[in-house]
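S.K.: Pasting query26.tsv here (TSV, C-alpha atoms and all ligand atoms):
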```
chain	number	residue	atom	x	y	z
J	1	MET	CA	-79.22	-27.86	-23.78
J	2	THR	CA	-79.55	-27.27	-20.03
J	3	GLY	CA	-82.28	-28.08	-17.56
J	4	ILE	CA	-83.61	-31.15	-19.39
J	5	ARG	CA	-82.69	-34.64	-18.34
J	6	SER	CA	-83.62	-37.99	-19.94
J	7	HIS	CA	-85.50	-39.98	-17.33
J	8	ILE	CA	-85.51	-43.80	-17.75
J	9	ALA	CA	-89.29	-43.95	-17.63
J	10	GLY	CA	-89.66	-47.62	-18.55
J	11	ILE	CA	-87.76	-50.75	-19.45
J	12	GLY	CA	-88.77	-53.97	-21.18
J	13	THR	CA	-87.12	-57.06	-22.63
J	14	TYR	CA	-87.80	-60.07	-24.78
J	15	LEU	CA	-86.01	-63.39	-25.16
J	16	PRO	CA	-86.92	-65.98	-27.80
J	17	ALA	CA	-88.54	-69.13	-26.41
J	18	ARG	CA	-85.90	-71.59	-27.62
J	19	VAL	CA	-83.09	-72.18	-25.10
J	20	MET	CA	-79.84	-73.76	-26.25
J	21	THR	CA	-77.69	-75.23	-23.48
J	22	ASN	CA	-73.97	-75.94	-23.51
J	23	ALA	CA	-74.86	-79.62	-23.84
J	24	ASP	CA	-76.77	-78.75	-27.03
J	25	MET	CA	-73.67	-76.89	-28.24
J	26	SER	CA	-71.45	-79.90	-27.66
J	27	GLU	CA	-73.58	-81.81	-30.15
J	28	ILE	CA	-72.78	-79.25	-32.85
J	29	VAL	CA	-69.08	-78.47	-32.26
J	30	GLU	CA	-66.27	-80.04	-30.27
J	31	THR	CA	-66.74	-78.27	-26.96
J	32	SER	CA	-67.92	-78.99	-23.42
J	33	ASP	CA	-70.09	-77.46	-20.73
J	34	THR	CA	-66.99	-77.26	-18.53
J	35	TRP	CA	-64.92	-75.33	-21.10
J	36	ILE	CA	-67.71	-72.85	-21.87
J	37	ARG	CA	-68.57	-72.24	-18.20
J	38	GLU	CA	-64.98	-71.90	-17.04
J	39	ARG	CA	-63.85	-69.60	-19.87
J	40	THR	CA	-67.00	-67.49	-20.24
J	41	GLY	CA	-69.55	-68.13	-17.46
J	42	ILE	CA	-72.17	-68.99	-20.10
J	43	ALA	CA	-74.55	-71.89	-19.38
J	44	GLN	CA	-77.23	-71.27	-22.01
J	45	ARG	CA	-78.46	-68.78	-24.60
J	46	HIS	CA	-81.77	-68.06	-26.37
J	47	ILE	CA	-82.10	-68.57	-30.13
J	48	ALA	CA	-84.72	-66.87	-32.32
J	49	ALA	CA	-87.11	-69.01	-34.36
J	50	ASP	CA	-86.52	-69.04	-38.13
J	51	ASP	CA	-89.50	-66.75	-38.72
J	52	GLU	CA	-88.64	-64.43	-35.81
J	53	TYR	CA	-86.69	-61.35	-36.90
J	54	THR	CA	-84.69	-58.74	-35.02
J	55	SER	CA	-87.61	-56.32	-35.43
J	56	ASP	CA	-89.99	-58.87	-33.83
J	57	LEU	CA	-87.75	-59.17	-30.77
J	58	ALA	CA	-87.45	-55.38	-30.63
J	59	VAL	CA	-91.21	-54.85	-30.86
J	60	GLU	CA	-91.92	-57.27	-27.99
J	61	ALA	CA	-89.37	-55.52	-25.76
J	62	ALA	CA	-90.66	-52.09	-26.82
J	63	ARG	CA	-94.28	-52.88	-25.94
J	64	VAL	CA	-93.25	-53.89	-22.42
J	65	ALA	CA	-91.07	-50.78	-21.99
J	66	ILE	CA	-93.83	-48.43	-23.21
J	67	ALA	CA	-96.34	-50.03	-20.81
J	68	HIS	CA	-93.83	-49.92	-17.94
J	69	ALA	CA	-93.30	-46.22	-18.62
J	70	GLY	CA	-97.07	-45.63	-18.49
J	71	LYS	CA	-96.92	-44.16	-21.99
J	72	SER	CA	-98.80	-44.89	-25.20
J	73	ILE	CA	-97.48	-45.20	-28.74
J	74	GLU	CA	-98.78	-41.67	-29.37
J	75	ASP	CA	-96.18	-40.37	-26.91
J	76	ILE	CA	-93.17	-41.91	-28.70
J	77	ASP	CA	-91.55	-39.37	-31.04
J	78	LEU	CA	-88.15	-41.00	-31.57
J	79	ILE	CA	-87.07	-44.61	-32.05
J	80	VAL	CA	-83.38	-45.52	-32.06
J	81	VAL	CA	-82.55	-49.18	-32.63
J	82	ALA	CA	-79.05	-50.46	-31.94
J	83	THR	CA	-78.39	-53.59	-33.96
J	84	ALA	CA	-75.68	-55.29	-35.97
J	85	THR	CA	-78.18	-57.86	-37.24
J	86	PRO	CA	-80.84	-55.81	-39.03
J	87	ASP	CA	-83.83	-57.53	-40.66
J	88	LEU	CA	-82.62	-56.24	-44.04
J	89	THR	CA	-79.71	-54.18	-45.35
J	90	PHE	CA	-82.26	-51.38	-45.57
J	91	PRO	CA	-84.63	-49.90	-44.49
J	92	ALA	CA	-83.47	-49.36	-40.94
J	93	THR	CA	-84.87	-51.94	-38.52
J	94	ALA	CA	-86.11	-48.94	-36.48
J	95	THR	CA	-88.58	-48.01	-39.23
J	96	ILE	CA	-89.82	-51.63	-39.38
J	97	VAL	CA	-90.27	-51.54	-35.61
J	98	GLN	CA	-92.02	-48.17	-35.89
J	99	ASN	CA	-94.49	-49.61	-38.40
J	100	LYS	CA	-95.10	-52.82	-36.41
J	101	LEU	CA	-95.87	-50.68	-33.35
J	102	GLY	CA	-98.34	-48.64	-35.40
J	103	ILE	CA	-96.38	-45.41	-34.97
J	104	HIS	CA	-96.56	-43.10	-37.98
J	105	HIS	CA	-95.14	-39.90	-36.54
J	106	GLY	CA	-91.72	-38.83	-35.30
J	107	ALA	CA	-88.43	-40.31	-36.54
J	108	ALA	CA	-86.80	-43.73	-36.42
J	109	PHE	CA	-83.29	-44.82	-37.33
J	110	ASP	CA	-80.65	-47.42	-36.48
J	111	VAL	CA	-77.24	-46.96	-34.89
J	112	HIS	CA	-74.51	-49.49	-35.49
J	113	ALA	CA	-71.83	-49.89	-32.85
J	114	VAL	CA	-72.17	-53.67	-32.36
J	115	CYS	CA	-71.87	-54.65	-28.67
J	116	SER	CA	-71.61	-50.98	-27.61
J	117	GLY	CA	-74.69	-50.18	-29.69
J	118	PHE	CA	-77.04	-49.71	-26.77
J	119	LEU	CA	-74.77	-47.07	-25.22
J	120	TYR	CA	-74.47	-45.28	-28.58
J	121	ALA	CA	-78.27	-45.38	-29.00
J	122	LEU	CA	-78.79	-44.16	-25.44
J	123	ALA	CA	-76.34	-41.27	-25.93
J	124	THR	CA	-77.98	-40.34	-29.25
J	125	ALA	CA	-81.51	-40.32	-27.83
J	126	ASP	CA	-80.32	-38.46	-24.72
J	127	ASN	CA	-78.83	-35.72	-26.86
J	128	PHE	CA	-82.01	-35.43	-28.98
J	129	ILE	CA	-83.98	-35.02	-25.75
J	130	LYS	CA	-81.57	-32.48	-24.27
J	131	ALA	CA	-81.66	-30.52	-27.54
J	132	GLY	CA	-85.45	-30.37	-27.32
J	133	GLN	CA	-85.91	-32.46	-30.48
J	134	ALA	CA	-87.61	-35.44	-28.79
J	135	THR	CA	-89.80	-35.89	-25.73
J	136	ASN	CA	-90.23	-39.65	-25.38
J	137	ALA	CA	-87.57	-41.75	-27.08
J	138	LEU	CA	-87.69	-45.51	-27.46
J	139	VAL	CA	-84.13	-46.85	-27.26
J	140	ILE	CA	-83.81	-50.48	-28.27
J	141	GLY	CA	-80.96	-52.97	-28.45
J	142	ALA	CA	-82.05	-56.00	-30.49
J	143	GLU	CA	-80.03	-58.78	-32.06
J	144	THR	CA	-80.29	-62.12	-33.80
J	145	PHE	CA	-76.58	-62.98	-33.72
J	146	SER	CA	-77.46	-66.66	-34.28
J	147	ARG	CA	-77.95	-65.67	-37.94
J	148	ILE	CA	-74.35	-64.46	-38.43
J	149	LEU	CA	-72.52	-67.16	-36.47
J	150	ASP	CA	-70.35	-69.74	-38.17
J	151	TRP	CA	-71.85	-72.83	-36.52
J	152	THR	CA	-68.71	-74.83	-37.35
J	153	ASP	CA	-66.44	-72.41	-35.41
J	154	ARG	CA	-66.38	-73.39	-31.74
J	155	THR	CA	-64.33	-70.32	-30.82
J	156	THR	CA	-67.29	-68.02	-31.57
J	157	CYS	CA	-70.59	-69.92	-31.90
J	158	VAL	CA	-70.77	-70.87	-28.21
J	159	LEU	CA	-70.55	-67.23	-27.10
J	160	PHE	CA	-73.58	-65.46	-28.52
J	161	GLY	CA	-77.36	-65.46	-28.13
J	162	ASP	CA	-80.45	-63.59	-29.37
J	163	GLY	CA	-82.63	-61.11	-27.49
J	164	ALA	CA	-83.86	-57.55	-27.16
J	165	GLY	CA	-84.14	-54.86	-24.53
J	166	ALA	CA	-85.76	-51.43	-24.65
J	167	MET	CA	-85.90	-48.29	-22.56
J	168	VAL	CA	-88.23	-45.32	-22.82
J	169	LEU	CA	-86.35	-42.08	-22.16
J	170	SER	CA	-88.61	-39.17	-21.27
J	171	ALA	CA	-87.72	-35.50	-21.05
J	172	GLN	CA	-88.03	-34.04	-17.59
J	173	GLY	CA	-86.39	-31.36	-15.46
J	174	GLU	CA	-83.27	-31.98	-13.39
J	175	GLY	CA	-83.46	-35.01	-11.11
J	176	GLU	CA	-83.41	-38.68	-11.96
J	177	GLY	CA	-82.19	-39.80	-15.36
J	178	LEU	CA	-79.11	-40.02	-17.51
J	179	ILE	CA	-76.30	-38.03	-15.93
J	180	ARG	CA	-73.65	-38.47	-18.56
J	181	THR	CA	-72.53	-40.73	-21.39
J	182	HIS	CA	-69.00	-41.31	-22.65
J	183	LEU	CA	-68.39	-42.86	-26.08
J	184	ARG	CA	-65.11	-43.97	-27.65
J	185	SER	CA	-63.99	-45.78	-30.78
J	186	ASP	CA	-60.74	-46.70	-32.50
J	187	GLY	CA	-60.96	-48.30	-35.94
J	188	GLN	CA	-57.39	-49.61	-35.89
J	189	PHE	CA	-58.82	-52.67	-34.08
J	190	CYS	CA	-61.51	-53.45	-36.66
J	191	ASP	CA	-59.82	-56.72	-37.76
J	192	LEU	CA	-60.05	-58.27	-34.29
J	193	LEU	CA	-63.86	-58.53	-34.31
J	194	TYR	CA	-65.85	-58.23	-37.52
J	195	VAL	CA	-68.24	-59.93	-39.93
J	196	ASP	CA	-66.61	-61.17	-43.15
J	197	GLY	CA	-69.49	-60.15	-45.42
J	198	GLY	CA	-71.50	-57.10	-46.35
J	199	PRO	CA	-73.42	-55.60	-49.25
J	200	SER	CA	-70.59	-53.52	-50.67
J	201	ARG	CA	-67.57	-55.78	-50.22
J	202	THR	CA	-68.95	-59.30	-50.69
J	203	LYS	CA	-72.65	-58.96	-51.49
J	204	THR	CA	-73.23	-61.54	-48.74
J	205	VAL	CA	-74.24	-61.38	-45.09
J	206	GLY	CA	-71.07	-63.06	-43.83
J	207	HIS	CA	-70.08	-64.63	-40.51
J	208	LEU	CA	-68.72	-63.23	-37.27
J	209	ARG	CA	-64.94	-63.56	-36.86
J	210	MET	CA	-63.10	-62.77	-33.65
J	211	GLN	CA	-59.59	-62.99	-32.26
J	212	GLY	CA	-61.15	-63.63	-28.86
J	213	ASN	CA	-58.04	-63.57	-26.70
J	214	GLN	CA	-56.87	-60.27	-28.26
J	215	VAL	CA	-60.30	-58.68	-27.79
J	216	PHE	CA	-60.23	-59.90	-24.20
J	217	ARG	CA	-56.83	-58.26	-23.67
J	218	HIS	CA	-58.17	-54.85	-24.76
J	219	ALA	CA	-61.60	-55.13	-23.14
J	220	VAL	CA	-60.76	-54.87	-19.44
J	221	GLY	CA	-58.42	-51.87	-19.77
J	222	LYS	CA	-60.54	-49.89	-22.23
J	223	ILE	CA	-63.81	-50.48	-20.36
J	224	ALA	CA	-62.33	-49.68	-16.94
J	225	GLY	CA	-60.69	-46.56	-18.41
J	226	SER	CA	-63.91	-45.16	-19.83
J	227	MET	CA	-65.84	-45.93	-16.63
J	228	GLN	CA	-63.25	-44.05	-14.59
J	229	GLU	CA	-63.19	-41.11	-17.05
J	230	LEU	CA	-66.98	-40.89	-16.96
J	231	ALA	CA	-67.09	-41.01	-13.17
J	232	ASP	CA	-64.43	-38.27	-13.03
J	233	MET	CA	-66.31	-36.08	-15.53
J	234	ALA	CA	-69.53	-36.54	-13.56
J	235	GLY	CA	-67.72	-35.81	-10.28
J	236	ILE	CA	-69.08	-39.03	-8.76
J	237	PRO	CA	-66.60	-41.49	-7.22
J	238	ILE	CA	-66.89	-45.09	-8.45
J	239	SER	CA	-67.42	-46.12	-4.80
J	240	GLU	CA	-70.70	-44.15	-4.67
J	241	ILE	CA	-72.25	-46.04	-7.59
J	242	ASP	CA	-74.88	-48.57	-6.52
J	243	TRP	CA	-74.94	-50.93	-9.51
J	244	PHE	CA	-72.77	-51.78	-12.50
J	245	VAL	CA	-74.59	-53.06	-15.58
J	246	PRO	CA	-71.94	-54.25	-17.99
J	247	HIS	CA	-72.23	-55.56	-21.53
J	248	GLN	CA	-72.40	-59.31	-21.01
J	249	ALA	CA	-69.53	-60.75	-23.07
J	250	ASN	CA	-67.69	-62.90	-20.58
J	251	GLN	CA	-67.91	-63.33	-16.79
J	252	ARG	CA	-64.11	-63.05	-16.60
J	253	ILE	CA	-64.24	-59.60	-18.26
J	254	LEU	CA	-66.97	-58.45	-15.85
J	255	GLU	CA	-64.90	-59.58	-12.89
J	256	GLY	CA	-61.65	-58.20	-14.34
J	257	VAL	CA	-63.16	-54.72	-14.73
J	258	ALA	CA	-64.67	-54.88	-11.23
J	259	LYS	CA	-61.33	-55.89	-9.74
J	260	ARG	CA	-59.45	-53.12	-11.56
J	261	LEU	CA	-61.84	-50.47	-10.17
J	262	SER	CA	-62.20	-52.09	-6.72
J	263	ILE	CA	-65.91	-52.69	-7.28
J	264	PRO	CA	-67.41	-55.39	-5.03
J	265	VAL	CA	-68.58	-58.21	-7.30
J	266	GLU	CA	-72.03	-58.15	-5.58
J	267	LYS	CA	-72.65	-54.77	-7.25
J	268	VAL	CA	-72.07	-56.18	-10.74
J	269	ILE	CA	-75.20	-57.38	-12.56
J	270	SER	CA	-74.44	-60.55	-14.49
J	271	THR	CA	-76.80	-62.32	-16.88
J	272	VAL	CA	-74.17	-63.76	-19.21
J	273	GLY	CA	-74.76	-67.23	-17.75
J	274	ARG	CA	-78.39	-67.25	-18.88
J	275	HIS	CA	-78.27	-65.10	-22.03
J	276	GLY	CA	-74.75	-65.44	-23.47
J	277	ASN	CA	-73.51	-62.39	-25.35
J	278	THR	CA	-76.54	-60.70	-26.94
J	279	SER	CA	-74.49	-57.77	-28.26
J	280	ALA	CA	-76.52	-54.52	-28.24
J	281	ALA	CA	-79.33	-56.19	-26.27
J	282	SER	CA	-77.21	-57.29	-23.33
J	283	ILE	CA	-77.21	-54.08	-21.25
J	284	PRO	CA	-80.99	-53.55	-21.18
J	285	LEU	CA	-81.50	-57.31	-20.63
J	286	ALA	CA	-79.20	-57.22	-17.60
J	287	PHE	CA	-80.61	-53.90	-16.35
J	288	ASP	CA	-84.17	-55.22	-16.53
J	289	ALA	CA	-83.26	-58.48	-14.78
J	290	ALA	CA	-81.97	-56.47	-11.82
J	291	VAL	CA	-85.04	-54.19	-11.81
J	292	GLN	CA	-87.32	-57.24	-11.89
J	293	ASP	CA	-85.56	-59.01	-9.00
J	294	GLY	CA	-85.57	-55.83	-6.91
J	295	ARG	CA	-81.86	-55.06	-6.85
J	296	ILE	CA	-81.98	-51.85	-8.94
J	297	LYS	CA	-84.48	-49.47	-7.36
J	298	ARG	CA	-85.69	-46.00	-8.31
J	299	GLY	CA	-83.07	-43.43	-7.29
J	300	ASP	CA	-80.13	-45.85	-7.51
J	301	LEU	CA	-76.98	-44.76	-9.35
J	302	VAL	CA	-76.26	-47.17	-12.20
J	303	LEU	CA	-73.18	-47.29	-14.42
J	304	MET	CA	-73.46	-49.16	-17.74
J	305	GLU	CA	-70.45	-50.08	-19.90
J	306	ALA	CA	-69.54	-51.96	-23.09
J	307	LEU	CA	-66.89	-52.72	-25.68
J	308	GLY	CA	-67.61	-54.09	-29.13
J	309	GLY	CA	-66.49	-54.43	-32.73
J	310	GLY	CA	-64.72	-51.42	-34.20
J	311	PHE	CA	-63.57	-51.17	-31.47
J	312	THR	CA	-66.32	-49.07	-29.99
J	313	TRP	CA	-66.64	-48.71	-26.25
J	314	GLY	CA	-67.98	-46.46	-23.55
J	315	ALA	CA	-70.08	-45.99	-20.46
J	316	ALA	CA	-73.30	-44.31	-19.32
J	317	LEU	CA	-74.21	-43.13	-15.83
J	318	ALA	CA	-77.84	-42.81	-14.77
J	319	ARG	CA	-79.88	-42.25	-11.63
J	320	TYR	CA	-82.69	-44.73	-12.16
J	401	LIG	O1	-68.86	-58.62	-27.09
J	401	LIG	C1	-67.80	-58.16	-27.85
J	401	LIG	C2	-66.55	-58.33	-27.16
J	401	LIG	N1	-66.19	-59.71	-27.09
J	401	LIG	C3	-65.50	-60.14	-26.08
J	401	LIG	O2	-65.25	-59.37	-25.19
J	401	LIG	C4	-64.98	-61.55	-26.09
J	401	LIG	C5	-63.59	-61.54	-25.54
J	401	LIG	N2	-62.94	-62.80	-25.55
J	401	LIG	C6	-63.30	-63.84	-24.76
J	401	LIG	O3	-64.28	-63.79	-24.07
J	401	LIG	C7	-62.37	-65.03	-24.70
J	401	LIG	O4	-61.16	-64.72	-25.34
J	401	LIG	C8	-62.96	-66.32	-25.32
J	401	LIG	C9	-64.06	-66.84	-24.44
J	401	LIG	C10	-63.50	-66.01	-26.71
J	401	LIG	C11	-61.89	-67.40	-25.42
J	401	LIG	O5	-61.29	-67.63	-24.15
J	401	LIG	P1	-59.70	-67.67	-24.01
J	401	LIG	O6	-59.43	-68.00	-22.62
J	401	LIG	O7	-59.18	-66.36	-24.54
J	401	LIG	O8	-59.30	-68.89	-24.92
J	401	LIG	P2	-58.37	-68.93	-26.24
J	401	LIG	O9	-59.06	-68.25	-27.37
J	401	LIG	O10	-57.00	-68.48	-25.89
J	401	LIG	O11	-58.36	-70.49	-26.51
J	401	LIG	C12	-57.81	-71.41	-25.57
J	401	LIG	C13	-58.00	-72.84	-26.09
J	401	LIG	C14	-57.58	-73.01	-27.55
J	401	LIG	O12	-56.98	-74.28	-27.66
J	401	LIG	P3	-55.38	-74.43	-27.70
J	401	LIG	O13	-54.94	-73.62	-28.89
J	401	LIG	O14	-54.89	-73.88	-26.40
J	401	LIG	O15	-55.19	-75.90	-27.88
J	401	LIG	C15	-58.89	-73.03	-28.30
J	401	LIG	O16	-58.82	-73.75	-29.50
J	401	LIG	O17	-59.40	-73.18	-26.04
J	401	LIG	C16	-59.80	-73.70	-27.31
J	401	LIG	N3	-61.20	-73.38	-27.53
J	401	LIG	C17	-62.22	-74.19	-27.14
J	401	LIG	N4	-62.23	-75.40	-26.53
J	401	LIG	C18	-63.44	-75.94	-26.28
J	401	LIG	C19	-61.73	-72.26	-28.07
J	401	LIG	N5	-63.06	-72.34	-28.07
J	401	LIG	C20	-63.40	-73.51	-27.51
J	401	LIG	C21	-64.61	-74.16	-27.21
J	401	LIG	N6	-64.58	-75.35	-26.60
J	401	LIG	N7	-65.80	-73.59	-27.51
```
Rewrite the structure from the file as structure tokens, please.

M.R.:
Amino acid sequence: MTGIRSHIAGIGTYLPARVMTNADMSEIVETSDTWIRERTGIAQRHIAADDEYTSDLAVEAARVAIAHAGKSIEDIDLIVVATATPDLTFPATATIVQNKLGIHHGAAFDVHAVCSGFLYALATADNFIKAGQATNALVIGAETFSRILDWTDRTTCVLFGDGAGAMVLSAQGEGEGLIRTHLRSDGQFCDLLYVDGGPSRTKTVGHLRMQGNQVFRHAVGKIAGSMQELADMAGIPISEIDWFVPHQANQRILEGVAKRLSIPVEKVISTVGRHGNTSAASIPLAFDAAVQDGRIKRGDLVLMEALGGGFTWGAALARY
């Protein structure tokens, strides 16, 4: 397991064309642009078309990431899709993505850790690469949360959006790439953020339910704790990290974590205002935004973090 590192060879994203503003929201539920901005930082979110599925979003992001990596579909030997909104109960969305990309070799499967899903998928692919079982892994976070929202519940429907982000991880010797990942979960909190339907319990898809203020209370401490633990394990002080790419749930959580770890807010990449909370897609969407605008450059140290339903949470440190 030594000597191989997963290099972030390419990154790509996709957002559905339809934009829904806070003003649009206030026509559906009793809310206001002021409330949503002040409590969350969100100004708008993207919503998938009725005939646009999670796999479609994932495929668009994947194509861009593969091209950015300078690879072809022949090179991809592992696809890991993080999603809590699969096209179907089964097969795995990853196999649908694999087929739509025209890939008929290697392996493809989903991981399900809700908003921490991208970190779980990244850690899984990284370990496959380090074990010598994959060479070029496509890691995708893709969600259509608009499909599981209760559009009469103002406490949740204003928060989420649809989108996808993908990274190509390629095996290479020591150097740039993923340095370390740190995953945590604790199922005692599963009632604070969940979907009230599923094939086994209700035979329905269900709607997202969240005790938002209680999730908020846990988020800052748990996220900051895992970031610090990861930095300690990697032997890299938080102050040496160039960029922080958090899961985009709420601007106040991003700033709370930054304050707790004395991170200057200018180092924190925030896209929550434009994308809302896109669950497993939010980290690659934010990462890519900062690559595109020139903030994250090759060689920079980047720390990603998330907390989501379960709870699941964690962090990942990479030299891009
Ligand atoms: O990605 C997975 C992890 N998820 C998160 O990390 C989300 C964490 N939670 C949050 O981001 C915040 O808790 C929320 C944004 C969900 C809510 O913010 P809050 O400051 O915790 O508000 P609250 O839930 O305590 O509600 C405050 C008030 C309530 O009214 P009363 O009871 O004080 O009269 C709500 O009914 O705000 C009301 N409210 C709204 N008002 C206008 C809740 N949602 C809305 C809304 N528009 N959309």

S.K.: Measuring between only C-alpha atoms and all ligand atoms, which one of J:Thr83, J:Thr181, J:Thr204, J:Gln248 shows the shortest distance to ligand LIG 401 (chain J)?

M.R.: J:Gln248

S.K.: Have a look at J:Cys157, J:Ile241, J:Ile103, J:Ile236 and name the one nearest to ligand LIG 401 (chain J); count only C-alpha atoms and all ligand atoms.

M.R.: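 For ligand LIG 401 (chain J), the nearest of the given residues is J:Cys157.
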
S.K.: Between J:Lys100, J:Ile73, J:Met167, J:Gly256, which has the minimum distance to Asp288 in chain J (counting only C-alpha atoms)?

M.R.: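 Checking each candidate against Asp288 in chain J, we get J:Met167 as the closest.
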
S.K.: Compute the distance from (-70.6, -54.8, -16.6) to each atom, counting all atoms listed in the file, keep the residues with any atom at most 7 Å away, and return them as a PyMOL selection string; use the coordinates of the file.

M.R.: chain J and resi 244-248+254+268-269+304-305

S.K.: Just want the 12 Å neighbourhood of Gln292 in chain J, counted on all atoms listed in the file, with same-chain residues fewer than 4 positions away dropped. Output as a VMD selection string.

M.R.: chain J and resid 10 to 13 68 284 to 288 296 to 298

S.K.: Any idea what the distance is between CA of Ala134 in chain J and CA of Gln172 in chain J?

M.R.: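 Answer for the CA of Ala134 in chain J to CA of Gln172 in chain J separation: 11.3 Å.
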
S.K.: Ligand LIG 401 (chain J): which residues are within 9 Å, counting all atoms listed in the file? Reply as a ChimeraX atom specification.

M.R.: /J:25-26,29-36,38-41,114-116,153-160,193,210-220,247-253,277-280,306-309,311

S.K.: For Arg209 in chain J, work out the shell of residues within 7 Å, counting only C-alpha atoms and skipping chain neighbours fewer than 3 positions away, then give it as a PDB file with C-alpha atoms, in the frame of the given file.

M.R.:
```pdb
ATOM      1  CA  LEU J 193     -63.860 -58.530 -34.310  1.00  0.00           C
ATOM      2  CA  TYR J 194     -65.850 -58.230 -37.520  1.00  0.00           C
ATOM      3  CA  VAL J 195     -68.240 -59.930 -39.930  1.00  0.00           C
ATOM      4  CA  ASP J 196     -66.610 -61.170 -43.150  1.00  0.00           C
TER       5      ASP J 196
END
```

S.K.: At a cut-off of 9 Å, using all atoms listed in the file, what residues contact Ala17 in chain J? Leave out same-chain residues fewer than 3 positions from it and give the result as a VMD selection string.

M.R.: chain J and resid 46 to 49

S.K.: Write out as a count of residues only which residues come within 12 Å of Ile76 in chain J when counting all atoms listed in the file, dropping same-chain ones fewer than 6 positions away.

M.R.: 30

S.K.: Could you state the separation of CA of Ala316 in chain J and CA of Gly221 in chain J in Å, given to one decimal place?

M.R.: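 CA of Gly221 in chain J lies at a distance of 16.7 Å from CA of Ala316 in chain J.
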
S.K.: Using Å and a single decimal, report how far CA of Asp110 in chain J sits from CA of Gly3 in chain J.

M.R.: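 That distance, rounded to one decimal, is 27.1 Å.
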
S.K.: In terms of the shortest atom-to-atom distance over all atoms listed in the file, which of J:Lys222, J:Leu317, J:Thr312, J:Ser270 is closest to Gln188 in chain J?

M.R.: J:Thr312

S.K.: Could you check which of J:Asp51, J:Glu229, J:Glu74, J:Asp191 is closest to Arg147 in chain J, using only C-alpha atoms?

M.R.: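 So, comparing all the options, the nearest one is J:Asp51.
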